[in-house]
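Working notes for the structure below.
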Amino acid sequence: MKAEYIALPLVKNEAIHHFELTVEGHTAFIDYKESGSKIWLIHTEAPAELEGKGVATALIEKTLAYIEENKYSLVPLCPLVVAYLKRHPEWKRIVDPSANNL
């Protein structure tokens, strides 16, 4: 994660089921579904103004850390999150056994 994103807070917007990271006045988000101790990450989106700046990667990293810290198991449905997990297999420790797409 780029240094300038480390201090930025991850927001879990439960009203609209988004994990959000706001950078330069623009908000990137991951759409999620939660049930019991599982979280499904469905779709990641960053505004055009933030594309290519590493914001989506920072958002994914912060979201995975949140999932681990709060003892959830992850079901990754978003292709971007799946690709990140393939590049960073150490995060597979939080993937739910039912998720066989990795």
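Residue names in the structure tokens use chain letters A, B, ... in the order shown, residue numbers from 1 in each chain, and ligand numbers from 1 in the order shown.
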Next on the checklist: With only C-alpha atoms as the counted atoms, please give the residues lying no more than 9 Å from range 17-34 of chain A, apart from itself and same-chain residues fewer than 3 positions off, as a list of chain:residue names.
Outcome noted: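 The filter keeps A:Tyr5, A:Leu8, A:Pro9, A:Leu10, A:Val11, A:Lys12, A:Asn13, A:Glu14, A:Ser37, A:Lys38, A:Ile39, A:Trp40, A:Leu41, A:Ile42, A:His43, A:Thr44, A:Glu45, A:Ala46, A:Pro47, A:Glu49, A:Leu50, A:Val55, A:Ala56, A:Ala58, A:Leu59, A:Ile60, A:Lys62, A:Thr63, A:Cys78.
Backbone DSSP of chain A yields alpha helix (DSSP H) at Ala3, Glu4, Tyr5, Ile6, Val55, Ala56, Thr57, Ala58, Leu59, Ile60, Glu61, Lys62, Thr63, Leu64, Ala65, Tyr66, Ile67, Glu68, Glu69, Pro79, Leu80, Val81, Val82, Ala83, Tyr84, Leu85, Lys86 and Arg87 of chain A.
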Any chance you could export the current selection's N, CA and C atoms as a tab-separated table (two decimals), in the first residue's frame?
```tsv
chain	number	residue	atom	x	y	z
A	3	ALA	N	2.27	4.79	0.91
A	3	ALA	CA	2.36	5.43	2.22
A	3	ALA	C	1.26	6.45	2.46
A	4	GLU	N	0.87	7.17	1.42
A	4	GLU	CA	-0.15	8.22	1.62
A	4	GLU	C	-1.53	7.67	1.95
A	5	TYR	N	-1.75	6.36	1.78
A	5	TYR	CA	-3.05	5.78	2.07
A	5	TYR	C	-3.11	5.11	3.44
A	6	ILE	N	-1.97	4.89	4.07
A	6	ILE	CA	-1.93	4.14	5.33
A	6	ILE	C	-2.80	4.78	6.41
A	55	VAL	N	-5.37	3.09	-5.32
A	55	VAL	CA	-6.43	3.24	-4.33
A	55	VAL	C	-7.21	1.94	-4.15
A	56	ALA	N	-7.53	1.26	-5.24
A	56	ALA	CA	-8.27	0.00	-5.13
A	56	ALA	C	-7.46	-1.04	-4.34
A	57	THR	N	-6.17	-1.08	-4.59
A	57	THR	CA	-5.30	-2.00	-3.84
A	57	THR	C	-5.31	-1.66	-2.36
A	58	ALA	N	-5.19	-0.38	-2.03
A	58	ALA	CA	-5.22	0.04	-0.63
A	58	ALA	C	-6.56	-0.31	0.01
A	59	LEU	N	-7.64	-0.10	-0.72
A	59	LEU	CA	-8.97	-0.43	-0.22
A	59	LEU	C	-9.09	-1.93	0.04
A	60	ILE	N	-8.61	-2.75	-0.87
A	60	ILE	CA	-8.66	-4.20	-0.68
A	60	ILE	C	-7.84	-4.59	0.54
A	61	GLU	N	-6.63	-4.06	0.66
A	61	GLU	CA	-5.77	-4.41	1.81
A	61	GLU	C	-6.41	-4.02	3.13
A	62	LYS	N	-6.97	-2.82	3.19
A	62	LYS	CA	-7.62	-2.37	4.43
A	62	LYS	C	-8.85	-3.22	4.74
A	63	THR	N	-9.60	-3.61	3.71
A	63	THR	CA	-10.79	-4.44	3.92
A	63	THR	C	-10.41	-5.83	4.40
A	64	LEU	N	-9.37	-6.42	3.83
A	64	LEU	CA	-8.92	-7.73	4.29
A	64	LEU	C	-8.45	-7.67	5.73
A	65	ALA	N	-7.75	-6.61	6.09
A	65	ALA	CA	-7.30	-6.44	7.48
A	65	ALA	C	-8.51	-6.32	8.41
A	66	TYR	N	-9.53	-5.57	8.00
A	66	TYR	CA	-10.74	-5.44	8.80
A	66	TYR	C	-11.39	-6.82	9.00
A	67	ILE	N	-11.50	-7.58	7.92
A	67	ILE	CA	-12.13	-8.90	8.00
A	67	ILE	C	-11.37	-9.78	8.98
A	68	GLU	N	-10.04	-9.77	8.90
A	68	GLU	CA	-9.24	-10.59	9.80
A	68	GLU	C	-9.35	-10.11	11.25
A	69	GLU	N	-9.24	-8.82	11.45
A	69	GLU	CA	-9.29	-8.27	12.82
A	69	GLU	C	-10.62	-8.54	13.50
A	79	PRO	N	-13.74	-10.15	-8.98
A	79	PRO	CA	-12.54	-10.58	-9.70
A	79	PRO	C	-11.27	-9.84	-9.27
A	80	LEU	N	-11.39	-8.57	-8.92
A	80	LEU	CA	-10.22	-7.81	-8.48
A	80	LEU	C	-9.69	-8.33	-7.15
A	81	VAL	N	-10.60	-8.67	-6.23
A	81	VAL	CA	-10.19	-9.23	-4.94
A	81	VAL	C	-9.58	-10.62	-5.15
A	82	VAL	N	-10.18	-11.43	-6.01
A	82	VAL	CA	-9.64	-12.76	-6.31
A	82	VAL	C	-8.23	-12.64	-6.88
A	83	ALA	N	-8.03	-11.71	-7.80
A	83	ALA	CA	-6.70	-11.50	-8.39
A	83	ALA	C	-5.70	-11.06	-7.32
A	84	TYR	N	-6.13	-10.19	-6.41
A	84	TYR	CA	-5.25	-9.75	-5.33
A	84	TYR	C	-4.84	-10.94	-4.45
A	85	LEU	N	-5.81	-11.79	-4.11
A	85	LEU	CA	-5.53	-12.95	-3.27
A	85	LEU	C	-4.57	-13.92	-3.96
A	86	LYS	N	-4.67	-14.04	-5.26
A	86	LYS	CA	-3.74	-14.91	-5.99
A	86	LYS	C	-2.32	-14.36	-5.95
A	87	ARG	N	-2.19	-13.04	-5.96
A	87	ARG	CA	-0.86	-12.40	-5.89
A	87	ARG	C	-0.32	-12.37	-4.46
```
Checklist entry - Taking into account only C-alpha atoms, which residue in the set A:Gly36, A:Trp91, A:Ser98, A:Ala7 is nearest to Val75 in chain A? => result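 For Val75 in chain A, the nearest of the candidates is A:Ser98.
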Next on the checklist: Could you tell me how far CA of Asn70 in chain A sits from CA of Asn100 in chain A, in Å to one decimal place?
Outcome noted: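 A separation of 22.2 Å between them.
Counting from CA of Lys53 in chain A, the distance to CA of Ile16 in chain A is 24.8 Å.
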